[in-house]
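One file, model26.pdb, carrying PDB, C-alpha atoms:
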```pdb
MODEL        1
ATOM      1  CA  MET A 927     142.549-136.509  52.798
ATOM      2  CA  LYS A 928     142.054-133.460  54.997
ATOM      3  CA  PRO A 929     141.051-134.133  58.581
ATOM      4  CA  ILE A 930     137.384-133.764  59.606
ATOM      5  CA  GLU A 931     136.927-131.040  62.182
ATOM      6  CA  THR A 932     133.285-130.048  62.510
ATOM      7  CA  LYS A 933     130.066-132.028  62.856
ATOM      8  CA  GLN A 934     128.815-130.478  59.622
ATOM      9  CA  GLU A 935     131.826-131.727  57.716
ATOM     10  CA  TYR A 936     131.408-135.128  59.257
ATOM     11  CA  SER A 937     127.749-135.386  58.248
ATOM     12  CA  ASN A 938     128.611-134.232  54.723
ATOM     13  CA  TYR A 939     131.309-136.876  54.626
ATOM     14  CA  VAL A 940     128.851-139.565  55.766
ATOM     15  CA  ASP A 941     126.248-138.475  53.209
ATOM     16  CA  GLN A 942     128.860-138.571  50.504
ATOM     17  CA  LYS A 943     130.112-142.005  51.435
ATOM     18  CA  SER A 944     126.754-143.713  52.018
ATOM     19  CA  PRO A 945     124.164-142.122  49.774
ATOM     20  CA  ASN A 946     122.349-145.218  48.537
ATOM     21  CA  SER A 947     123.038-148.105  50.850
ATOM     22  CA  PRO A 948     119.971-147.836  53.144
ATOM     23  CA  ILE A 949     117.461-147.588  50.299
ATOM     24  CA  LEU A 950     119.064-150.488  48.439
ATOM     25  CA  LYS A 951     119.079-152.626  51.560
ATOM     26  CA  ASN A 952     115.483-151.622  52.389
ATOM     27  CA  CYS A 953     114.361-152.437  48.849
ATOM     28  CA  PHE A 954     116.083-155.802  48.960
ATOM     29  CA  ASN A 955     114.427-156.694  52.282
ATOM     30  CA  ALA A 956     111.054-155.426  51.047
ATOM     31  CA  PHE A 957     111.470-157.476  47.887
ATOM     32  CA  TRP A 958     112.110-160.839  49.459
ATOM     33  CA  VAL A 959     109.728-160.501  52.417
ATOM     34  CA  GLY A 960     106.941-159.182  50.163
ATOM     35  CA  GLY A 961     107.645-161.865  47.588
ATOM     36  CA  LEU A 962     107.619-164.539  50.286
ATOM     37  CA  ILE A 963     104.240-163.384  51.664
ATOM     38  CA  CYS A 964     102.779-163.503  48.141
ATOM     39  CA  THR A 965     104.289-166.951  47.592
ATOM     40  CA  ILE A 966     102.730-168.243  50.831
ATOM     41  CA  GLY A 967      99.447-166.843  49.484
ATOM     42  CA  GLN A 968     100.002-168.649  46.183
ATOM     43  CA  ILE A 969     100.608-171.984  47.951
ATOM     44  CA  ILE A 970      97.367-171.557  49.964
ATOM     45  CA  PHE A 971      95.595-170.610  46.702
ATOM     46  CA  ASP A 972      96.948-173.682  44.904
ATOM     47  CA  PHE A 973      95.888-175.869  47.829
ATOM     48  CA  CYS A 974      92.328-174.456  47.737
ATOM     49  CA  THR A 975      91.964-174.986  43.982
ATOM     50  CA  PHE A 976      93.503-178.455  44.414
ATOM     51  CA  LYS A 977      90.744-179.227  46.935
ATOM     52  CA  GLY A 978      88.161-178.063  44.388
ATOM     53  CA  ALA A 979      87.470-174.416  45.284
ATOM     54  CA  ASP A 980      86.860-171.991  42.405
ATOM     55  CA  GLU A 981      89.335-169.142  41.879
ATOM     56  CA  THR A 982      87.183-166.408  43.446
ATOM     57  CA  SER A 983      86.617-168.380  46.660
ATOM     58  CA  ALA A 984      90.267-169.429  46.713
ATOM     59  CA  SER A 985      91.524-165.834  46.626
ATOM     60  CA  THR A 986      89.028-164.856  49.340
ATOM     61  CA  ILE A 987      90.305-167.739  51.498
ATOM     62  CA  VAL A 988      93.898-166.565  50.880
ATOM     63  CA  SER A 989      92.985-163.025  52.036
ATOM     64  CA  ILE A 990      91.189-164.322  55.133
ATOM     65  CA  ILE A 991      94.054-166.617  56.181
ATOM     66  CA  LEU A 992      96.788-164.001  55.598
ATOM     67  CA  ILE A 993      94.735-161.361  57.457
ATOM     68  CA  GLY A 994      94.131-163.779  60.351
ATOM     69  CA  ILE A 995      97.824-164.663  60.640
ATOM     70  CA  SER A 996      99.024-161.066  60.533
ATOM     71  CA  ALA A 997      96.346-159.899  63.009
ATOM     72  CA  LEU A 998      97.531-162.602  65.410
ATOM     73  CA  LEU A 999     101.212-161.748  64.867
ATOM     74  CA  THR A1000     100.471-158.053  65.449
ATOM     75  CA  GLY A1001      98.657-158.935  68.676
ATOM     76  CA  LEU A1002     101.679-160.937  69.810
ATOM     77  CA  ASN A1003     103.952-157.981  68.906
ATOM     78  CA  ILE A1004     105.879-160.081  66.369
ATOM     79  CA  PHE A1005     104.596-158.290  63.263
ATOM     80  CA  ASN A1006     106.127-154.960  64.300
ATOM     81  CA  LYS A1007     109.558-156.585  64.348
ATOM     82  CA  ILE A1008     109.011-158.002  60.857
ATOM     83  CA  GLY A1009     107.737-154.589  59.763
ATOM     84  CA  LYS A1010     110.830-152.794  61.044
ATOM     85  CA  PHE A1011     113.013-155.176  59.079
ATOM     86  CA  ALA A1012     110.959-155.458  55.885
ATOM     87  CA  GLY A1013     109.376-152.004  55.572
ATOM     88  CA  ALA A1014     107.026-152.051  52.597
ATOM     89  CA  GLY A1015     107.555-155.809  52.251
ATOM     90  CA  SER A1016     105.046-156.436  55.020
ATOM     91  CA  LEU A1017     103.093-153.170  54.603
ATOM     92  CA  VAL A1018     102.020-153.443  50.969
ATOM     93  CA  PRO A1019     100.614-156.995  51.020
ATOM     94  CA  ILE A1020      97.184-157.466  52.621
ATOM     95  CA  THR A1021      99.056-158.268  55.869
ATOM     96  CA  GLY A1022      99.779-154.530  56.182
ATOM     97  CA  PHE A1023      96.048-153.802  56.047
ATOM     98  CA  ALA A1024      95.411-156.210  58.940
ATOM     99  CA  ASN A1025      98.342-154.751  60.873
ATOM    100  CA  SER A1026      97.010-151.235  60.324
ATOM    101  CA  ILE A1027      93.737-152.313  61.990
ATOM    102  CA  VAL A1028      95.232-154.093  64.995
ATOM    103  CA  SER A1029      98.075-151.680  65.876
ATOM    104  CA  PRO A1030      95.980-148.588  66.715
ATOM    105  CA  ALA A1031      93.313-150.791  68.330
ATOM    106  CA  ILE A1032      95.864-152.119  70.812
ATOM    107  CA  GLU A1033      97.352-148.704  71.402
ATOM    108  CA  TYR A1034      93.996-147.152  72.326
ATOM    109  CA  LYS A1035      92.745-150.124  74.339
ATOM    110  CA  SER A1036      92.866-148.024  77.509
ATOM    111  CA  GLU A1037      90.065-145.844  76.080
ATOM    112  CA  GLY A1038      87.666-148.778  76.308
ATOM    113  CA  TYR A1039      86.483-151.681  74.228
ATOM    114  CA  ILE A1040      83.893-149.775  72.216
ATOM    115  CA  MET A1041      85.307-146.343  71.403
ATOM    116  CA  GLY A1042      88.939-147.264  72.074
ATOM    117  CA  VAL A1043      89.350-150.590  70.293
ATOM    118  CA  GLY A1044      86.244-150.446  68.099
ATOM    119  CA  GLY A1045      86.739-146.839  67.044
ATOM    120  CA  LYS A1046      90.493-146.576  66.592
ATOM    121  CA  MET A1047      90.662-149.786  64.541
ATOM    122  CA  PHE A1048      89.840-147.669  61.518
ATOM    123  CA  THR A1049      92.398-144.893  61.972
ATOM    124  CA  VAL A1050      94.342-146.183  58.957
ATOM    125  CA  ALA A1051      91.983-148.808  57.531
ATOM    126  CA  GLY A1052      89.159-146.243  57.367
ATOM    127  CA  PRO A1053      90.791-144.067  54.682
ATOM    128  CA  VAL A1054      91.818-147.214  52.779
ATOM    129  CA  LEU A1055      88.197-148.429  52.716
ATOM    130  CA  VAL A1056      86.789-144.956  51.983
ATOM    131  CA  PHE A1057      89.005-144.398  48.943
ATOM    132  CA  GLY A1058      88.979-148.017  47.775
ATOM    133  CA  ILE A1059      85.200-148.408  47.928
ATOM    134  CA  SER A1060      84.494-144.909  46.557
ATOM    135  CA  THR A1061      86.789-145.554  43.585
ATOM    136  CA  SER A1062      85.064-148.874  42.906
ATOM    137  CA  VAL A1063      81.601-147.261  43.023
ATOM    138  CA  LEU A1064      82.799-144.520  40.658
ATOM    139  CA  ILE A1065      84.261-147.107  38.281
ATOM    140  CA  GLY A1066      81.004-149.062  38.415
ATOM    141  CA  ILE A1067      78.968-145.953  37.612
ATOM    142  CA  LEU A1068      81.305-145.066  34.719
ATOM    143  CA  GLY A1069      81.007-148.667  33.566
ATOM    144  CA  THR A1070      77.223-148.398  33.232
ATOM    145  CA  VAL A1071      77.414-145.266  31.075
ATOM    146  CA  PRO A1072      78.004-146.885  27.657
ATOM    147  CA  ILE A1073      75.288-149.490  28.383
ATOM    148  CA  SER A1074      72.657-146.868  29.230
ATOM    149  CA  PHE A1075      73.531-144.692  26.218
ATOM    150  CA  PHE A1076      73.333-147.409  23.593
TER     151      PHE A1076
ATOM    152  CA  MET B 901     101.535-185.836  48.454
ATOM    153  CA  ASP B 902      99.544-185.323  45.254
ATOM    154  CA  PHE B 903      99.299-181.658  46.155
ATOM    155  CA  ILE B 904     103.076-181.197  46.389
ATOM    156  CA  GLN B 905     103.460-182.787  42.958
ATOM    157  CA  SER B 906     100.784-180.493  41.546
ATOM    158  CA  ILE B 907     102.571-177.266  42.578
ATOM    159  CA  ASP B 908     103.679-175.213  39.601
ATOM    160  CA  PHE B 909     107.093-173.888  40.661
ATOM    161  CA  LEU B 910     107.411-171.499  37.725
ATOM    162  CA  GLN B 911     104.142-169.911  38.905
ATOM    163  CA  LEU B 912     105.584-169.553  42.431
ATOM    164  CA  ILE B 913     108.702-167.829  41.082
ATOM    165  CA  LYS B 914     106.616-165.414  38.969
ATOM    166  CA  CYS B 915     104.453-164.741  42.021
ATOM    167  CA  PHE B 916     107.530-164.110  44.207
ATOM    168  CA  ILE B 917     109.122-161.697  41.729
ATOM    169  CA  VAL B 918     106.006-159.659  40.904
ATOM    170  CA  GLY B 919     104.896-159.495  44.566
ATOM    171  CA  GLY B 920     108.404-158.403  45.535
ATOM    172  CA  LEU B 921     108.543-155.742  42.818
ATOM    173  CA  ILE B 922     105.232-154.223  43.960
ATOM    174  CA  CYS B 923     106.671-154.034  47.493
ATOM    175  CA  ILE B 924     109.826-152.350  46.132
ATOM    176  CA  ILE B 925     107.615-149.606  44.627
ATOM    177  CA  GLY B 926     106.146-149.115  48.110
ATOM    178  CA  GLN B 927     109.604-149.070  49.697
ATOM    179  CA  ILE B 928     110.850-146.432  47.246
ATOM    180  CA  LEU B 929     107.767-144.314  48.063
ATOM    181  CA  ILE B 930     108.559-144.641  51.789
ATOM    182  CA  ASP B 931     112.247-143.794  51.426
ATOM    183  CA  LYS B 932     112.085-141.099  48.760
ATOM    184  CA  THR B 933     108.926-139.215  49.744
ATOM    185  CA  LYS B 934     107.524-138.052  53.054
ATOM    186  CA  LEU B 935     104.346-140.122  52.616
ATOM    187  CA  THR B 936     103.103-141.853  55.746
ATOM    188  CA  PRO B 937     102.335-145.605  55.536
ATOM    189  CA  ALA B 938      98.599-144.805  55.727
ATOM    190  CA  ARG B 939      98.807-142.666  52.593
ATOM    191  CA  ILE B 940     100.818-145.332  50.814
ATOM    192  CA  LEU B 941      98.117-147.915  51.567
ATOM    193  CA  VAL B 942      95.474-145.514  50.204
ATOM    194  CA  ILE B 943      97.548-144.855  47.070
ATOM    195  CA  PHE B 944      98.020-148.584  46.448
ATOM    196  CA  VAL B 945      94.344-149.447  46.866
ATOM    197  CA  THR B 946      93.197-146.557  44.668
ATOM    198  CA  THR B 947      95.794-147.302  41.982
ATOM    199  CA  GLY B 948      94.777-150.954  42.023
ATOM    200  CA  ALA B 949      91.104-150.033  41.680
ATOM    201  CA  ILE B 950      91.833-147.735  38.719
ATOM    202  CA  LEU B 951      94.068-150.309  36.995
ATOM    203  CA  GLY B 952      91.416-152.954  37.672
ATOM    204  CA  GLY B 953      88.696-150.701  36.277
ATOM    205  CA  LEU B 954      90.706-150.083  33.115
ATOM    206  CA  GLY B 955      91.157-153.840  32.717
ATOM    207  CA  ILE B 956      94.967-153.668  32.927
ATOM    208  CA  TYR B 957      95.412-155.348  36.299
ATOM    209  CA  LYS B 958      93.870-158.642  35.223
ATOM    210  CA  TYR B 959      96.844-159.263  32.909
ATOM    211  CA  ILE B 960      99.184-158.912  35.907
ATOM    212  CA  ILE B 961      96.979-161.361  37.853
ATOM    213  CA  ASP B 962      97.010-163.824  34.921
ATOM    214  CA  PHE B 963     100.799-163.633  34.904
ATOM    215  CA  ALA B 964     101.619-163.594  38.619
ATOM    216  CA  GLY B 965      98.576-165.012  40.447
ATOM    217  CA  CYS B 966      98.812-164.188  44.134
ATOM    218  CA  GLY B 967     101.867-162.027  43.429
ATOM    219  CA  ALA B 968      99.293-159.548  42.122
ATOM    220  CA  THR B 969      96.234-160.332  44.268
ATOM    221  CA  VAL B 970      97.899-160.384  47.725
ATOM    222  CA  PRO B 971      99.347-156.812  47.594
ATOM    223  CA  LEU B 972      96.797-154.088  48.327
ATOM    224  CA  THR B 973      96.654-153.153  44.645
ATOM    225  CA  GLY B 974      94.945-156.534  44.223
ATOM    226  CA  PHE B 975      92.438-155.599  46.918
ATOM    227  CA  GLY B 976      91.623-152.436  44.962
ATOM    228  CA  ALA B 977      91.445-154.300  41.658
ATOM    229  CA  ASN B 978      89.091-156.822  43.259
ATOM    230  CA  LEU B 979      86.788-153.991  44.409
ATOM    231  CA  ALA B 980      86.683-152.555  40.887
ATOM    232  CA  LYS B 981      86.206-155.964  39.274
ATOM    233  CA  GLY B 982      83.308-156.715  41.624
ATOM    234  CA  ALA B 983      81.591-153.429  40.741
ATOM    235  CA  LEU B 984      82.074-153.958  36.991
ATOM    236  CA  THR B 985      80.830-157.573  37.140
ATOM    237  CA  GLU B 986      77.748-156.694  39.135
ATOM    238  CA  ILE B 987      76.594-153.799  36.925
ATOM    239  CA  LYS B 988      76.049-156.360  34.156
ATOM    240  CA  ASP B 989      73.354-158.058  36.278
ATOM    241  CA  SER B 990      71.780-155.245  38.296
ATOM    242  CA  GLY B 991      72.767-152.027  36.496
ATOM    243  CA  ILE B 992      73.673-148.937  38.500
ATOM    244  CA  LEU B 993      72.763-150.675  41.782
ATOM    245  CA  GLY B 994      75.607-153.102  41.113
ATOM    246  CA  ALA B 995      78.084-150.219  41.198
ATOM    247  CA  PHE B 996      77.241-149.798  44.874
ATOM    248  CA  THR B 997      76.919-153.458  45.890
ATOM    249  CA  GLY B 998      79.477-155.220  43.680
ATOM    250  CA  GLY B 999      82.760-153.880  45.036
ATOM    251  CA  VAL B1000      82.034-154.508  48.687
ATOM    252  CA  ARG B1001      80.435-157.874  47.926
ATOM    253  CA  ALA B1002      83.584-159.033  46.113
ATOM    254  CA  SER B1003      85.895-158.058  48.969
ATOM    255  CA  ALA B1004      83.482-158.707  51.851
ATOM    256  CA  GLY B1005      85.467-161.744  53.024
ATOM    257  CA  GLY B1006      88.665-159.768  53.471
ATOM    258  CA  ILE B1007      86.972-156.785  55.133
ATOM    259  CA  ALA B1008      84.966-158.936  57.570
ATOM    260  CA  ALA B1009      88.020-161.053  58.394
ATOM    261  CA  ALA B1010      90.100-157.938  59.035
ATOM    262  CA  ILE B1011      87.455-156.527  61.395
ATOM    263  CA  VAL B1012      86.775-159.760  63.323
ATOM    264  CA  PHE B1013      90.359-161.029  63.597
ATOM    265  CA  GLY B1014      91.532-157.466  64.234
ATOM    266  CA  TYR B1015      89.140-157.078  67.153
ATOM    267  CA  ILE B1016      90.006-160.488  68.636
ATOM    268  CA  ALA B1017      93.748-159.876  68.263
ATOM    269  CA  SER B1018      93.398-156.501  70.015
ATOM    270  CA  LEU B1019      91.546-158.143  72.895
ATOM    271  CA  ILE B1020      94.206-160.789  73.526
ATOM    272  CA  SER B1021      97.083-158.319  73.296
ATOM    273  CA  LYS B1022      98.378-156.099  76.055
ATOM    274  CA  PRO B1023      99.250-152.505  75.123
ATOM    275  CA  LYS B1024     102.978-151.953  75.071
ATOM    276  CA  ILE B1025     104.321-149.368  77.494
ATOM    277  CA  LYS B1026     106.064-146.717  75.445
ATOM    278  CA  LYS B1027     109.709-146.187  76.226
ATOM    279  CA  GLN B1028     110.577-142.593  76.949
TER     280      GLN B1028
ENDMDL
END
```
Since I need it in another form, could you write the structure as structure tokens?
Amino acid sequence: MKPIETKQEYSNYVDQKSPNSPILKNCFNAFWVGGLICTIGQIIFDFCTFKGADETSASTIVSIILIGISALLTGLNIFNKIGKFAGAGSLVPITGFANSIVSPAIEYKSEGYIMGVGGKMFTVAGPVLVFGISTSVLIGILGTVPISFF
Amino acid sequence: MDFIQSIDFLQLIKCFIVGGLICIIGQILIDKTKLTPARILVIFVTTGAILGGLGIYKYIIDFAGCGATVPLTGFGANLAKGALTEIKDSGILGAFTGGVRASAGGIAAAIVFGYIASLISKPKIKKQ
């Protein structure tokens, strides 16, 4: 092997030797953390239906509990550490939605409790709600079309 | 004790695998594209709403339970399902009320717990 002399050669060498390892590792971490969060949700869901709740209420309770836990963990600065490790594993479940509300709210706390916390809460969650709700309204409108024609 | 006996472990495994796979899709989007996390959340919710509207997502929910409902695609699918259920009762008005009604619990919880959590937390001083 010829000796490495420049930084460019070194970075080429590194790229060549480790092309896939970070993405594989990230995907593995995302997989098991994301899977675990969903499984915790499933256990809460099973417990609610076991106690006699119907499925719709049970999944709402699951969302509320997971959102509450992740909001609290974000406030205590624990969630960010999980997020760094798990990447999409904690971002894609509903926990990521709660985290996306609390993180900017804390960051802009110095701008006051109304415009700082209350306003910046929706920096990320705002677009999510805008596109989610708009799509659902559009789907609903499209869904009424066949009924009103026939 | 009865509850522990009633747990369906096969269901938990299906939930774990499907939930994990949905997160892997997100991770690949993060690593392979320049999309910010905010855009990824938007993409997941919108995709979920479209799949829910087309009636595809409910098969994933039947198979994986919370493995499909806990990721944000499930949030989107729930919005779409709410809109489609409510138009049967109240027509076009249901398109506007149904989605938000179905996911009101999650949205309200996120706002209230989010606000409380921000109040109890101290902003971190950024390291230079």
Set the cut-off to 7 Å and count all atoms listed in the file: what are the residues of chain A that reach chain B? Output as a PyMOL selection string.
chain A and resi 949+952-953+956-958+960-962+964-965+967-968+973+976+986+989-990+993-994+997-998+1001-1002+1013-1015+1018-1020+1024+1027-1028+1031-1033+1035+1050+1053-1054+1057-1059+1061-1063+1065-1067+1069-1070
Quick one: distance from CA of Leu992 in chain A to CA of Val1056 in chain A in Å, one decimal?
21.8 Å
For the atom pair CA of Gly1052 in chain A and CA of Ile991 in chain A, what is the interatomic distance in Å to one decimal place?
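Spanning CA of Gly1052 in chain A to CA of Ile991 in chain A is a straight-line distance of 21.0 Å.
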Please define a box with edges along x, y and z of the file around all atoms of range 1006-1020 of chain B given in the file, extend it by 3 Å on each side, and return its centre and edge lengths in Å to one decimal, as JSON.
```
{"center_x": 89.6, "center_y": -158.8, "center_z": 63.5, "size_x": 15.2, "size_y": 10.6, "size_z": 26.1}
```
One number please: CA of Leu1017 in chain A to CA of Phe954 in chain A, in Å, one decimal.
14.4 Å
Please rebuild range 901-921 of chain B with N, CA and C atoms and give the result as a compact mmCIF listing (two decimals), in the frame of the given file.
```txt
# COMPACT_ATOMS: atom_id res chain seq x y z
N MET B 901 100.42 -185.49 49.34
CA MET B 901 101.54 -185.84 48.45
C MET B 901 101.21 -185.43 47.01
N ASP B 902 99.96 -185.73 46.59
CA ASP B 902 99.54 -185.32 45.25
C ASP B 902 99.63 -183.81 45.10
N PHE B 903 99.30 -183.12 46.22
CA PHE B 903 99.30 -181.66 46.16
C PHE B 903 100.70 -181.13 45.88
N ILE B 904 101.70 -181.68 46.57
CA ILE B 904 103.08 -181.20 46.39
C ILE B 904 103.52 -181.40 44.95
N GLN B 905 103.10 -182.54 44.36
CA GLN B 905 103.46 -182.79 42.96
C GLN B 905 102.76 -181.82 42.02
N SER B 906 101.56 -181.34 42.45
CA SER B 906 100.78 -180.49 41.55
C SER B 906 101.25 -179.04 41.56
N ILE B 907 102.13 -178.66 42.50
CA ILE B 907 102.57 -177.27 42.58
C ILE B 907 103.37 -176.89 41.33
N ASP B 908 102.99 -175.72 40.77
CA ASP B 908 103.68 -175.21 39.60
C ASP B 908 104.77 -174.25 40.08
N PHE B 909 106.03 -174.70 40.06
CA PHE B 909 107.09 -173.89 40.66
C PHE B 909 107.39 -172.64 39.86
N LEU B 910 107.22 -172.70 38.54
CA LEU B 910 107.41 -171.50 37.72
C LEU B 910 106.43 -170.41 38.16
N GLN B 911 105.17 -170.85 38.44
CA GLN B 911 104.14 -169.91 38.90
C GLN B 911 104.56 -169.28 40.23
N LEU B 912 105.14 -170.09 41.14
CA LEU B 912 105.58 -169.55 42.43
C LEU B 912 106.68 -168.51 42.24
N ILE B 913 107.60 -168.78 41.30
CA ILE B 913 108.70 -167.83 41.08
C ILE B 913 108.15 -166.51 40.51
N LYS B 914 107.22 -166.63 39.54
CA LYS B 914 106.62 -165.41 38.97
C LYS B 914 105.90 -164.61 40.06
N CYS B 915 105.19 -165.36 40.92
CA CYS B 915 104.45 -164.74 42.02
C CYS B 915 105.41 -164.01 42.96
N PHE B 916 106.53 -164.69 43.30
CA PHE B 916 107.53 -164.11 44.21
C PHE B 916 108.10 -162.82 43.63
N ILE B 917 108.46 -162.86 42.34
CA ILE B 917 109.12 -161.70 41.73
C ILE B 917 108.16 -160.51 41.60
N VAL B 918 106.95 -160.77 41.09
CA VAL B 918 106.01 -159.66 40.90
C VAL B 918 105.58 -159.08 42.25
N GLY B 919 105.26 -159.97 43.22
CA GLY B 919 104.90 -159.50 44.57
C GLY B 919 106.01 -158.66 45.17
N GLY B 920 107.26 -159.14 45.01
CA GLY B 920 108.40 -158.40 45.54
C GLY B 920 108.57 -157.05 44.87
N LEU B 921 108.38 -157.01 43.54
CA LEU B 921 108.54 -155.74 42.82
C LEU B 921 107.51 -154.71 43.27
```
